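Engineer: Contents of upload-v8.cif (mmCIF, C-alpha atoms):
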```cif
data_protein
#
loop_
_atom_site.label_atom_id
_atom_site.label_comp_id
_atom_site.auth_asym_id
_atom_site.auth_seq_id
_atom_site.Cartn_x
_atom_site.Cartn_y
_atom_site.Cartn_z
CA MET A 917 -1.39 174.76 -68.12
CA LYS A 918 -4.41 177.02 -68.29
CA LEU A 919 -6.17 178.21 -65.13
CA PHE A 920 -9.97 178.27 -65.22
CA ASN A 921 -11.22 180.19 -62.20
CA LYS A 922 -14.75 180.22 -60.81
CA GLU A 923 -15.94 183.01 -63.12
CA ASP A 924 -14.36 181.32 -66.18
CA ILE A 925 -16.24 178.10 -65.39
CA GLU A 926 -19.52 179.94 -64.79
CA SER A 927 -19.26 181.77 -68.09
CA LEU A 928 -18.77 178.63 -70.22
CA GLU A 929 -21.61 177.84 -72.63
CA SER A 930 -23.97 175.48 -70.81
CA ARG A 931 -23.47 172.24 -72.84
CA PHE A 932 -19.68 172.85 -73.00
CA ARG A 933 -19.66 173.37 -69.23
CA ALA A 934 -21.67 170.16 -68.66
CA ASN A 935 -19.14 168.14 -70.68
CA PHE A 936 -16.17 169.90 -69.09
CA VAL A 937 -17.28 169.60 -65.46
CA ASN A 938 -18.49 166.01 -65.99
CA SER A 939 -14.95 165.11 -67.11
CA LEU A 940 -13.19 166.61 -64.09
CA CYS A 941 -13.80 163.82 -61.58
CA GLY A 942 -11.77 161.35 -63.67
CA TYR A 943 -12.94 158.11 -65.25
CA LYS A 944 -16.46 156.98 -64.56
CA ALA A 945 -17.77 153.53 -63.87
CA LEU A 946 -20.39 152.61 -66.48
CA GLN A 947 -23.50 150.62 -65.60
CA LEU A 948 -26.65 149.67 -67.44
CA VAL A 949 -29.42 149.82 -64.85
CA GLY A 950 -32.06 147.16 -65.40
CA THR A 951 -35.49 147.59 -63.80
CA LYS A 952 -39.13 146.83 -64.34
CA ASN A 953 -42.33 148.43 -63.11
CA LYS A 954 -45.06 146.60 -61.20
CA ASN A 955 -46.72 145.66 -64.50
CA GLY A 956 -43.56 143.95 -65.71
CA LEU A 957 -42.51 146.60 -68.26
CA THR A 958 -38.70 146.60 -68.36
CA ASN A 959 -36.30 149.54 -68.59
CA LEU A 960 -32.58 149.83 -69.29
CA SER A 961 -30.59 153.04 -68.79
CA ILE A 962 -26.91 153.86 -68.75
CA ILE A 963 -25.52 155.63 -65.69
CA ASN A 964 -22.00 156.83 -64.94
CA SER A 965 -22.17 157.69 -61.25
CA ALA A 966 -22.15 154.33 -59.41
CA HIS A 967 -19.69 154.33 -56.53
CA HIS A 968 -18.65 152.05 -53.70
CA LEU A 969 -20.04 152.95 -50.25
CA GLY A 970 -18.97 149.98 -48.16
CA ALA A 971 -18.10 146.28 -48.25
CA ASN A 972 -19.93 145.01 -45.16
CA PRO A 973 -22.81 145.33 -45.78
CA PRO A 974 -22.03 145.63 -49.51
CA LEU A 975 -23.45 149.03 -50.45
CA MET A 976 -23.37 151.03 -53.64
CA GLY A 977 -24.60 154.51 -54.46
CA TYR A 978 -25.49 156.33 -57.64
CA ILE A 979 -26.67 159.86 -58.36
CA GLN A 980 -30.11 160.59 -59.76
CA ARG A 981 -30.47 163.96 -61.52
CA PRO A 982 -33.50 165.98 -60.40
CA HIS A 983 -34.53 167.73 -63.60
CA THR A 984 -34.46 164.77 -65.97
CA VAL A 985 -37.92 164.59 -67.47
CA GLU A 986 -37.42 160.88 -68.00
CA LYS A 987 -36.39 158.97 -64.94
CA HIS A 988 -38.14 155.69 -65.50
CA ALA A 989 -35.39 153.60 -63.94
CA TYR A 990 -35.60 155.53 -60.67
CA GLU A 991 -39.40 155.38 -60.61
CA ASN A 992 -39.20 151.61 -61.12
CA ILE A 993 -36.66 151.28 -58.30
CA LEU A 994 -38.96 153.18 -55.93
CA GLU A 995 -41.84 150.91 -57.05
CA THR A 996 -40.18 147.47 -56.91
CA LYS A 997 -37.03 148.15 -54.77
CA PHE A 998 -34.87 145.89 -56.97
CA TYR A 999 -32.48 146.81 -59.78
CA THR A 1000 -29.48 145.37 -61.60
CA PHE A 1001 -26.18 146.84 -62.79
CA SER A 1002 -24.68 145.26 -65.93
CA ASN A 1003 -21.21 146.36 -67.03
CA VAL A 1004 -20.59 148.08 -70.38
CA ILE A 1005 -18.26 146.27 -72.78
CA GLU A 1006 -16.82 147.04 -76.22
CA GLU A 1007 -19.29 144.78 -78.03
CA TYR A 1008 -22.33 146.88 -77.09
CA LYS A 1009 -20.95 150.31 -76.17
CA GLU A 1010 -22.87 152.09 -78.93
CA LYS A 1011 -26.16 150.47 -77.91
CA ALA A 1012 -25.36 151.29 -74.28
CA HIS A 1013 -24.98 154.99 -75.13
CA GLN A 1014 -28.22 154.83 -77.11
CA THR A 1015 -30.14 153.89 -73.92
CA SER A 1016 -29.56 157.50 -72.79
CA ALA A 1017 -32.07 158.69 -75.40
CA LYS A 1018 -35.45 159.78 -74.03
CA TYR A 1019 -37.67 156.87 -75.01
CA PRO A 1020 -41.33 157.02 -74.02
CA ARG A 1021 -42.28 155.17 -70.85
CA GLU A 1022 -43.98 152.29 -72.67
CA ILE A 1023 -40.88 151.46 -74.73
CA SER A 1024 -38.31 149.06 -73.24
CA GLU A 1025 -34.72 149.95 -74.14
CA PHE A 1026 -33.95 146.21 -74.07
CA ASP A 1027 -36.01 146.01 -77.27
CA SER A 1028 -35.47 149.41 -78.82
CA CYS A 1029 -31.67 149.31 -78.37
CA GLY A 1030 -31.32 145.58 -79.05
CA PHE A 1031 -30.20 143.98 -75.81
CA GLU A 1032 -30.64 140.33 -74.93
CA ILE A 1033 -32.69 140.26 -71.72
CA ALA A 1034 -32.07 137.89 -68.81
CA GLN A 1035 -33.50 137.97 -65.30
CA THR A 1036 -32.41 137.31 -61.74
CA GLU A 1037 -34.16 134.89 -59.37
CA ASN A 1038 -36.22 137.91 -58.23
CA GLY A 1039 -37.23 138.57 -61.83
CA THR A 1040 -35.18 141.74 -62.21
CA PRO A 1041 -33.97 142.22 -65.81
CA TYR A 1042 -30.32 142.52 -66.81
CA VAL A 1043 -28.19 142.42 -69.95
CA GLY A 1044 -27.75 138.76 -70.92
CA SER A 1045 -24.36 139.29 -72.57
CA ALA A 1046 -22.84 141.36 -69.75
CA THR A 1047 -19.73 139.90 -68.09
CA LEU A 1048 -20.33 141.42 -64.63
CA VAL A 1049 -23.82 141.76 -63.22
CA MET A 1050 -25.17 142.48 -59.77
CA GLU A 1051 -28.60 142.86 -58.27
CA LEU A 1052 -29.28 145.55 -55.68
CA GLU A 1053 -32.09 146.28 -53.30
CA LEU A 1054 -32.92 149.90 -52.49
CA ARG A 1055 -31.93 150.92 -48.96
CA SER A 1056 -32.47 154.67 -48.90
CA THR A 1057 -32.20 157.96 -50.74
CA TYR A 1058 -30.53 161.19 -49.69
CA GLU A 1059 -31.26 164.57 -51.21
CA ILE A 1060 -28.17 166.68 -51.91
CA LYS A 1061 -29.53 170.09 -50.95
CA GLU A 1062 -26.99 172.06 -53.04
CA ASN A 1063 -28.60 171.01 -56.32
CA SER A 1064 -31.49 168.64 -55.46
CA THR A 1065 -29.77 165.57 -56.88
CA ILE A 1066 -30.51 162.31 -55.10
CA LEU A 1067 -27.99 159.80 -53.79
CA VAL A 1068 -29.63 156.38 -54.24
CA VAL A 1069 -28.17 153.77 -51.87
CA GLY A 1070 -28.63 150.06 -52.55
CA GLN A 1071 -27.39 146.85 -50.99
CA ILE A 1072 -25.84 144.23 -53.28
CA GLN A 1073 -27.94 141.05 -53.24
CA SER A 1074 -26.02 138.91 -55.69
CA VAL A 1075 -23.15 139.05 -58.18
CA LEU A 1076 -22.73 137.15 -61.43
CA VAL A 1077 -19.18 136.86 -62.79
CA ASP A 1078 -16.86 134.22 -64.25
CA ASP A 1079 -14.63 133.48 -61.26
CA LYS A 1080 -11.53 133.02 -63.40
CA PHE A 1081 -11.49 136.85 -63.46
CA ILE A 1082 -11.14 137.13 -59.66
CA PHE A 1083 -7.58 137.51 -58.38
CA ASP A 1084 -6.39 135.66 -55.25
CA ASP A 1085 -6.99 138.70 -53.05
CA GLY A 1086 -10.59 139.19 -54.21
CA THR A 1087 -9.94 142.04 -56.69
CA ILE A 1088 -11.89 141.56 -59.92
CA ASP A 1089 -10.01 141.82 -63.22
CA LEU A 1090 -12.23 144.47 -64.81
CA PRO A 1091 -10.01 144.93 -67.91
CA GLY A 1092 -10.04 141.13 -68.33
CA LEU A 1093 -13.86 141.21 -68.26
CA GLY A 1094 -13.76 143.88 -70.96
CA SER A 1095 -15.41 146.58 -68.81
CA LEU A 1096 -15.08 150.04 -70.37
CA ALA A 1097 -14.37 153.32 -68.57
CA GLY A 1098 -16.34 156.50 -69.22
CA THR A 1099 -15.21 160.10 -69.63
CA GLY A 1100 -17.71 162.90 -69.07
CA LEU A 1101 -20.96 162.36 -70.93
CA THR A 1102 -19.54 161.23 -74.26
CA GLY A 1103 -16.42 159.04 -73.96
CA TYR A 1104 -15.94 155.25 -73.86
CA SER A 1105 -12.48 153.67 -73.45
CA LYS A 1106 -10.91 150.24 -73.16
CA VAL A 1107 -8.68 149.86 -70.15
CA GLU A 1108 -5.27 148.19 -70.08
CA LYS A 1109 -4.13 145.35 -67.84
CA MET A 1110 -3.69 146.64 -64.31
CA THR A 1111 -0.66 146.90 -62.04
CA ARG A 1112 -1.61 145.87 -58.51
CA TYR A 1113 0.03 146.95 -55.27
CA GLY A 1114 -0.34 145.48 -51.79
CA TYR A 1115 -1.36 147.26 -48.60
CA ALA A 1116 0.94 150.26 -48.09
CA LYS A 1117 2.83 150.85 -44.84
CA PRO A 1118 5.08 153.77 -43.85
CA ASN A 1119 8.78 153.11 -44.43
CA GLU A 1120 8.20 149.83 -46.27
CA SER A 1121 8.62 149.26 -49.99
CA LEU A 1122 5.39 148.56 -51.85
CA LYS A 1123 4.81 144.99 -52.91
CA LYS A 1124 3.62 144.38 -56.46
CA LEU A 1125 0.91 141.71 -56.52
CA MET B 683 -20.64 132.58 -64.79
CA LYS B 684 -20.66 132.02 -61.06
CA LEU B 685 -23.48 133.34 -58.88
CA PHE B 686 -22.51 134.82 -55.52
CA ASN B 687 -25.64 135.29 -53.44
CA LYS B 688 -26.00 137.41 -50.32
CA GLU B 689 -24.83 134.62 -47.99
CA ASP B 690 -21.84 133.81 -50.22
CA ILE B 691 -20.74 137.46 -50.12
CA GLU B 692 -21.24 137.68 -46.35
CA SER B 693 -19.15 134.58 -45.76
CA LEU B 694 -16.12 135.78 -47.73
CA GLU B 695 -12.97 136.39 -45.67
CA SER B 696 -13.01 140.07 -44.70
CA ARG B 697 -10.01 141.38 -46.72
CA PHE B 698 -11.06 139.29 -49.75
CA ARG B 699 -14.58 140.69 -49.46
CA ALA B 700 -13.25 144.26 -49.21
CA ASN B 701 -11.27 143.82 -52.44
CA PHE B 702 -14.13 142.00 -54.18
CA VAL B 703 -16.91 144.43 -53.28
CA ASN B 704 -14.67 147.44 -53.95
CA SER B 705 -14.19 146.15 -57.51
CA LEU B 706 -17.89 145.71 -58.27
CA CYS B 707 -18.79 149.32 -59.04
CA GLY B 708 -16.42 149.40 -62.02
CA TYR B 709 -13.42 151.64 -62.60
CA LYS B 710 -12.69 154.29 -60.05
CA ALA B 711 -11.54 157.83 -60.54
CA LEU B 712 -8.24 158.37 -58.73
CA GLN B 713 -7.41 161.61 -56.95
CA LEU B 714 -4.64 162.78 -54.68
CA VAL B 715 -6.30 165.04 -52.13
CA GLY B 716 -4.05 167.93 -51.11
CA THR B 717 -4.80 169.78 -47.86
CA LYS B 718 -3.11 171.63 -45.03
CA ASN B 719 -4.05 172.30 -41.45
CA LYS B 720 -4.30 175.76 -39.88
CA ASN B 721 -0.61 175.59 -38.94
CA GLY B 722 0.37 175.00 -42.57
CA LEU B 723 1.26 171.30 -42.26
CA THR B 724 0.40 169.69 -45.59
CA ASN B 725 -1.20 166.31 -46.30
CA LEU B 726 -1.62 164.23 -49.44
CA SER B 727 -3.88 161.14 -49.62
CA ILE B 728 -5.15 159.01 -52.46
CA ILE B 729 -8.92 158.54 -52.78
CA ASN B 730 -10.94 156.50 -55.28
CA SER B 731 -14.48 157.69 -54.64
CA ALA B 732 -14.71 161.15 -56.23
CA HIS B 733 -17.83 161.54 -58.33
CA HIS B 734 -19.64 164.23 -60.27
CA LEU B 735 -22.68 165.75 -58.57
CA GLY B 736 -23.56 168.62 -60.89
CA ALA B 737 -22.17 171.07 -63.43
CA ASN B 738 -23.90 174.30 -62.39
CA PRO B 739 -22.79 174.95 -59.71
CA PRO B 740 -19.83 172.61 -60.33
CA LEU B 741 -20.05 170.11 -57.46
CA MET B 742 -18.11 166.99 -56.64
CA GLY B 743 -18.53 164.41 -53.90
CA TYR B 744 -16.26 161.85 -52.30
CA ILE B 745 -16.81 159.26 -49.59
CA GLN B 746 -15.03 159.45 -46.23
CA ARG B 747 -14.79 156.15 -44.34
CA PRO B 748 -15.86 156.36 -40.69
CA HIS B 749 -13.51 153.92 -39.01
CA THR B 750 -10.25 155.01 -40.55
CA VAL B 751 -7.93 155.82 -37.68
CA GLU B 752 -6.11 158.26 -39.91
CA LYS B 753 -8.26 160.81 -41.62
CA HIS B 754 -5.99 163.81 -41.67
CA ALA B 755 -7.18 165.03 -45.05
CA TYR B 756 -10.78 165.20 -43.87
CA GLU B 757 -9.83 166.92 -40.61
CA ASN B 758 -7.89 169.51 -42.62
CA ILE B 759 -10.84 170.06 -44.95
CA LEU B 760 -13.13 170.69 -41.98
CA GLU B 761 -10.52 173.08 -40.56
CA THR B 762 -9.63 175.13 -43.67
CA LYS B 763 -12.56 174.34 -46.05
CA PHE B 764 -10.22 174.13 -49.08
CA TYR B 765 -8.72 171.08 -50.79
CA THR B 766 -7.29 170.08 -54.14
CA PHE B 767 -7.66 167.00 -56.36
CA SER B 768 -4.62 166.09 -58.49
CA ASN B 769 -4.96 163.28 -61.04
CA VAL B 770 -2.89 160.09 -60.81
CA ILE B 771 -0.60 159.38 -63.77
CA GLU B 772 1.74 156.53 -64.73
CA GLU B 773 4.88 158.42 -63.68
CA TYR B 774 3.94 158.50 -59.99
CA LYS B 775 1.35 155.72 -59.54
CA GLU B 776 3.50 153.82 -57.04
CA LYS B 777 4.09 156.92 -54.92
CA ALA B 778 0.37 157.70 -55.16
CA HIS B 779 -0.49 154.27 -53.73
CA GLN B 780 2.10 154.79 -51.00
CA THR B 781 0.16 157.85 -49.71
CA SER B 782 -2.46 155.35 -48.46
CA ALA B 783 -0.03 154.23 -45.72
CA LYS B 784 -0.87 155.43 -42.22
CA TYR B 785 1.74 158.13 -41.71
CA PRO B 786 1.73 160.02 -38.40
CA ARG B 787 -0.07 163.35 -38.42
CA GLU B 788 3.14 165.40 -38.31
CA ILE B 789 4.53 163.78 -41.48
CA SER B 790 3.57 165.28 -44.86
CA GLU B 791 3.11 162.68 -47.60
CA PHE B 792 4.41 165.29 -50.07
CA ASP B 793 7.82 164.78 -48.41
CA SER B 794 7.62 161.16 -47.29
CA CYS B 795 6.34 159.89 -50.66
CA GLY B 796 8.40 162.29 -52.77
CA PHE B 797 5.92 164.62 -54.46
CA GLU B 798 6.77 168.06 -55.80
CA ILE B 799 4.50 170.51 -53.98
CA ALA B 800 2.77 173.47 -55.61
CA GLN B 801 0.01 175.70 -54.26
CA THR B 802 -3.10 177.46 -55.47
CA GLU B 803 -3.75 181.19 -55.05
CA ASN B 804 -5.49 180.27 -51.76
CA GLY B 805 -2.36 178.45 -50.63
CA THR B 806 -3.84 174.94 -50.91
CA PRO B 807 -1.18 172.35 -51.80
CA TYR B 808 -1.32 170.13 -54.90
CA VAL B 809 0.94 167.81 -56.86
CA GLY B 810 3.21 169.99 -59.01
CA SER B 811 3.59 167.40 -61.77
CA ALA B 812 -0.12 166.52 -62.06
CA THR B 813 -1.73 167.16 -65.45
CA LEU B 814 -5.24 167.89 -64.13
CA VAL B 815 -5.76 169.75 -60.87
CA MET B 816 -8.75 171.39 -59.28
CA GLU B 817 -9.38 173.25 -56.07
CA LEU B 818 -12.60 172.69 -54.13
CA GLU B 819 -14.30 174.44 -51.26
CA LEU B 820 -16.30 172.38 -48.79
CA ARG B 821 -20.07 172.88 -49.11
CA SER B 822 -21.53 170.22 -46.83
CA THR B 823 -21.34 166.69 -45.52
CA TYR B 824 -24.02 163.99 -45.41
CA GLU B 825 -23.90 160.94 -43.18
CA ILE B 826 -24.92 157.69 -44.86
CA LYS B 827 -26.83 156.08 -42.02
CA GLU B 828 -26.43 152.50 -43.35
CA ASN B 829 -22.72 152.41 -42.52
CA SER B 830 -21.80 155.84 -41.10
CA THR B 831 -19.70 156.84 -44.09
CA ILE B 832 -19.73 160.52 -44.98
CA LEU B 833 -20.45 162.04 -48.36
CA VAL B 834 -18.25 165.15 -48.58
CA VAL B 835 -19.60 167.71 -51.08
CA GLY B 836 -17.36 170.44 -52.48
CA GLN B 837 -17.71 173.16 -55.07
CA ILE B 838 -15.01 173.46 -57.72
CA GLN B 839 -13.22 176.79 -57.40
CA SER B 840 -10.65 176.47 -60.17
CA VAL B 841 -9.23 173.99 -62.67
CA LEU B 842 -5.69 173.73 -64.02
CA VAL B 843 -5.26 171.82 -67.30
CA ASP B 844 -3.47 172.21 -70.63
CA ASP B 845 -6.33 173.30 -72.88
CA LYS B 846 -5.01 171.35 -75.86
CA PHE B 847 -6.54 168.33 -74.07
CA ILE B 848 -10.07 169.79 -74.16
CA PHE B 849 -12.23 168.65 -77.07
CA ASP B 850 -14.50 171.11 -78.93
CA ASP B 851 -17.54 170.04 -76.91
CA GLY B 852 -15.84 170.59 -73.53
CA THR B 853 -15.01 166.93 -72.79
CA ILE B 854 -11.50 166.56 -71.37
CA ASP B 855 -9.17 164.00 -72.97
CA LEU B 856 -8.33 162.10 -69.77
CA PRO B 857 -6.36 159.33 -71.56
CA GLY B 858 -4.41 162.07 -73.37
CA LEU B 859 -3.57 163.63 -69.99
CA GLY B 860 -2.33 160.23 -68.83
CA SER B 861 -4.92 159.85 -66.04
CA LEU B 862 -5.07 156.30 -64.70
CA ALA B 863 -8.17 154.33 -63.71
CA GLY B 864 -8.43 152.35 -60.47
CA THR B 865 -9.85 148.92 -59.74
CA GLY B 866 -10.87 148.05 -56.19
CA LEU B 867 -8.22 148.92 -53.62
CA THR B 868 -5.18 147.61 -55.48
CA GLY B 869 -5.29 148.16 -59.27
CA TYR B 870 -3.95 150.94 -61.51
CA SER B 871 -4.49 150.92 -65.29
CA LYS B 872 -3.71 153.08 -68.29
CA VAL B 873 -6.75 153.89 -70.39
CA GLU B 874 -6.95 153.80 -74.18
CA LYS B 875 -8.02 156.61 -76.51
CA MET B 876 -11.78 157.13 -76.21
CA THR B 877 -14.61 156.77 -78.69
CA ARG B 878 -17.06 159.64 -78.28
CA TYR B 879 -20.74 159.69 -79.13
CA GLY B 880 -23.06 162.66 -79.45
CA TYR B 881 -26.35 163.23 -77.64
CA ALA B 882 -28.61 160.21 -78.20
CA LYS B 883 -32.17 160.55 -79.52
CA PRO B 884 -34.80 157.85 -80.06
CA ASN B 885 -34.92 156.55 -83.63
CA GLU B 886 -31.80 158.43 -84.74
CA SER B 887 -28.41 156.91 -85.45
CA LEU B 888 -25.71 157.88 -83.00
CA LYS B 889 -23.16 160.38 -84.22
CA LYS B 890 -19.51 159.63 -83.54
CA LEU B 891 -17.68 162.79 -82.47
#
```
Let me see the file written as structure tokens.

Structural biologist:
Amino acid sequence: MKLFNKEDIESLESRFRANFVNSLCGYKALQLVGTKNKNGLTNLSIINSAHHLGANPPLMGYIQRPHTVEKHAYENILETKFYTFSNVIEEYKEKAHQTSAKYPREISEFDSCGFEIAQTENGTPYVGSATLVMELELRSTYEIKENSTILVVGQIQSVLVDDKFIFDDGTIDLPGLGSLAGTGLTGYSKVEKMTRYGYAKPNESLKKL
Amino acid sequence: MKLFNKEDIESLESRFRANFVNSLCGYKALQLVGTKNKNGLTNLSIINSAHHLGANPPLMGYIQRPHTVEKHAYENILETKFYTFSNVIEEYKEKAHQTSAKYPREISEFDSCGFEIAQTENGTPYVGSATLVMELELRSTYEIKENSTILVVGQIQSVLVDDKFIFDDGTIDLPGLGSLAGTGLTGYSKVEKMTRYGYAKPNESLKKL
């Protein structure tokens, strides 16, 4: 095992450090954020920072970088309040990564990266071939003062999923749906069938579900 | 595909809804949080909400639930400012899940769940057999007003990893290290070898790394 201390991490070359530190938190959830602006121009961008905030009400957060020149998705969310998350699957992982390129504002990544577009009842765009989709409505934003990133908090409005991939206890079979896991800024992986354990109690053996 | 609208989600039985909504964000990073209180009593708890906040300075967040009766790890972090994240691997996934049981304050999960204890130069405990470990220092906390959860922000102080699992560009080979991915509150999965793509640019073919 090699120890990287604070000074070692600081002295890493900047792109190497970005990849290294982005890998440290473990696997990342991958989402394609679908939005449109008030004129109906759609946008699709991959993010890897979505995280659960609560089940009741159903809330999800993601992190918006401050210094990204292009942040069309976030601007659209502020404008219309609605956005979708579509999962990333093997079939379109390369196209999903391509959405991270800095396309001009007037170009929709649905077109330029070749995604089939579908829309929710509210008219919010999502990836037609995704196997897990949800629509969110913006609730609030929090600035992280340490580095001026923004925590964007949304409430889940609806979920679209084949219910044969929902276990008896409500857990969704993400590997069954083909959802991929991310590593850092570059990596995409398939995930194996899961082992599930029941609610843990002191001095009781765990129950496999 | 089945559509769950807002009312459908609200009307789910509460434990089912917790498992369902917890699965929606996609795979979760899994961390065993190692802490001790000012008297040296150690604590180890699994969390599934760690997320990257920035690379320079290297910052990571995790979400602390408000209504958890037991929140010894968080109390220790507030008391000593230091904590560690150890990754969760196949070898001890069952013991890792068992740390989520509500042990009394005076019981260390290192002992009760059978983990080999090691400590950083600052004396913060971590899992001796983990393959990726980092120490963090508390920077600040943010209350999410929608549901009174707390975003806990820490700065990475040091990282312990075998450097043969670091790719040339700085990305860490998490599947190679044996890190598992989580689903919802119950699922643990191995992750397959990753495909890596280079920085995406408009109108250029993606480069596989």

Engineer: Can you pull out every residue within 10 Å of B:Lys710, counting only C-alpha atoms, but drop anything in the same chain fewer than 4 positions away, and send it as a PDB file with C-alpha atoms, keeping the file's coordinate frame?

Structural biologist:
```pdb
ATOM      1  CA  CYS A 941     -13.800 163.820 -61.580  1.00  0.00           C
ATOM      2  CA  GLY A 942     -11.770 161.350 -63.670  1.00  0.00           C
ATOM      3  CA  TYR A 943     -12.940 158.110 -65.250  1.00  0.00           C
ATOM      4  CA  LYS A 944     -16.460 156.980 -64.560  1.00  0.00           C
ATOM      5  CA  ALA A 945     -17.770 153.530 -63.870  1.00  0.00           C
ATOM      6  CA  ALA A 966     -22.150 154.330 -59.410  1.00  0.00           C
ATOM      7  CA  HIS A 967     -19.690 154.330 -56.530  1.00  0.00           C
ATOM      8  CA  HIS A 968     -18.650 152.050 -53.700  1.00  0.00           C
ATOM      9  CA  ALA A1097     -14.370 153.320 -68.570  1.00  0.00           C
TER      10      ALA A1097
ATOM     11  CA  ASN B 704     -14.670 147.440 -53.950  1.00  0.00           C
ATOM     12  CA  SER B 705     -14.190 146.150 -57.510  1.00  0.00           C
ATOM     13  CA  ILE B 729      -8.920 158.540 -52.780  1.00  0.00           C
ATOM     14  CA  ASN B 730     -10.940 156.500 -55.280  1.00  0.00           C
ATOM     15  CA  SER B 731     -14.480 157.690 -54.640  1.00  0.00           C
ATOM     16  CA  ALA B 732     -14.710 161.150 -56.230  1.00  0.00           C
ATOM     17  CA  HIS B 733     -17.830 161.540 -58.330  1.00  0.00           C
ATOM     18  CA  LEU B 862      -5.070 156.300 -64.700  1.00  0.00           C
ATOM     19  CA  ALA B 863      -8.170 154.330 -63.710  1.00  0.00           C
ATOM     20  CA  GLY B 864      -8.430 152.350 -60.470  1.00  0.00           C
ATOM     21  CA  THR B 865      -9.850 148.920 -59.740  1.00  0.00           C
ATOM     22  CA  GLY B 866     -10.870 148.050 -56.190  1.00  0.00           C
ATOM     23  CA  LEU B 867      -8.220 148.920 -53.620  1.00  0.00           C
ATOM     24  CA  GLY B 869      -5.290 148.160 -59.270  1.00  0.00           C
ATOM     25  CA  TYR B 870      -3.950 150.940 -61.510  1.00  0.00           C
TER      26      TYR B 870
END
```

Engineer: List every residue of chain A that has an atom at most 7 Å from any atom of chain B, and for each one report the closest atom pair and its distance in Å to one decimal, counting only C-alpha atoms, with rows sorted by chain and then by increasing residue number, as a tab-separated table.

Structural biologist:
```
residue	atom	partner	partner_atom	distance
A:Met917	CA	B:Asp844	CA	4.1
A:Lys918	CA	B:Val843	CA	5.4
A:Leu919	CA	B:Leu842	CA	4.6
A:Phe920	CA	B:Val841	CA	5.0
A:Asn921	CA	B:Ser840	CA	4.3
A:Lys922	CA	B:Gln839	CA	5.1
A:Phe932	CA	B:Gly852	CA	4.5
A:Arg933	CA	B:Gly852	CA	6.4
A:Ala934	CA	B:Ala737	CA	5.3
A:Asn935	CA	B:Thr853	CA	4.8
A:Phe936	CA	B:Gly852	CA	4.5
A:Val937	CA	B:Ala737	CA	5.5
A:Asn938	CA	B:His734	CA	6.1
A:Ser939	CA	B:Ile854	CA	5.7
A:Cys941	CA	B:His733	CA	5.7
A:Gly942	CA	B:Ala711	CA	4.7
A:Tyr943	CA	B:Ala711	CA	4.9
A:Lys944	CA	B:Ala711	CA	6.4
A:Ala945	CA	B:Gly708	CA	4.7
A:Leu946	CA	B:Gly708	CA	6.8
A:Ser965	CA	B:His733	CA	6.5
A:Ala966	CA	B:Cys707	CA	6.0
A:His967	CA	B:Cys707	CA	5.7
A:His968	CA	B:Cys707	CA	6.0
A:Ala971	CA	B:Ala700	CA	5.3
A:Pro974	CA	B:Val703	CA	6.5
A:Gln1014	CA	B:Ala882	CA	5.5
A:Ser1016	CA	B:Ala882	CA	6.1
A:Ala1017	CA	B:Lys883	CA	4.5
A:Lys1018	CA	B:Pro884	CA	6.4
A:Tyr1019	CA	B:Pro884	CA	5.9
A:Gln1073	CA	B:Lys688	CA	5.1
A:Ser1074	CA	B:Asn687	CA	4.3
A:Val1075	CA	B:Phe686	CA	5.0
A:Leu1076	CA	B:Leu685	CA	4.6
A:Val1077	CA	B:Met683	CA	4.9
A:Asp1078	CA	B:Met683	CA	4.2
A:Asp1079	CA	B:Lys684	CA	6.2
A:Asp1085	CA	B:Phe698	CA	5.3
A:Gly1086	CA	B:Phe698	CA	4.5
A:Thr1087	CA	B:Asn701	CA	4.8
A:Ile1088	CA	B:Ser705	CA	5.7
A:Ala1097	CA	B:Tyr709	CA	6.3
A:Gly1100	CA	B:Thr853	CA	6.1
A:Thr1102	CA	B:Arg878	CA	5.0
A:Gly1103	CA	B:Arg878	CA	4.4
A:Tyr1104	CA	B:Met876	CA	5.1
A:Ser1105	CA	B:Met876	CA	4.5
A:Lys1106	CA	B:Glu874	CA	5.4
A:Val1107	CA	B:Val873	CA	4.5
A:Glu1108	CA	B:Lys872	CA	5.4
A:Lys1109	CA	B:Ser871	CA	6.1
A:Met1110	CA	B:Ser871	CA	4.5
A:Thr1111	CA	B:Tyr870	CA	5.2
A:Arg1112	CA	B:Gly869	CA	4.4
A:Tyr1113	CA	B:Thr868	CA	5.3
A:Gly1114	CA	B:Thr868	CA	6.4
A:Ala1116	CA	B:Ala783	CA	4.7
A:Lys1117	CA	B:Ala783	CA	4.5
A:Pro1118	CA	B:Ala783	CA	5.5
```

Engineer: What's the separation between atom CA of B:Gly810 and atom CA of B:Gly796, in Å to one decimal place?

Structural biologist: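 Straight-line distance from atom CA of B:Gly810 to atom CA of B:Gly796 works out to 11.2 Å.
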
Engineer: What's the separation between atom CA of B:Ile728 and atom CA of B:Phe847, in Å to one decimal place?

Structural biologist: 23.6 Å

Engineer: Residues proximal to (1.6, 165.9, -52.8) were defined as those with any atom within 8 Å of that point in the file's coordinates, counting only C-alpha atoms. Which are they, as an MDAnalysis selection string?

Structural biologist: chainID B and resid 714:716 725:727 791:793 795:799 807:810

Engineer: At what distance in Å, to one decimal, does atom CA of B:Ile771 lie from atom CA of B:Gly805?

Structural biologist: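 Distance between the two atoms: 23.2 Å.
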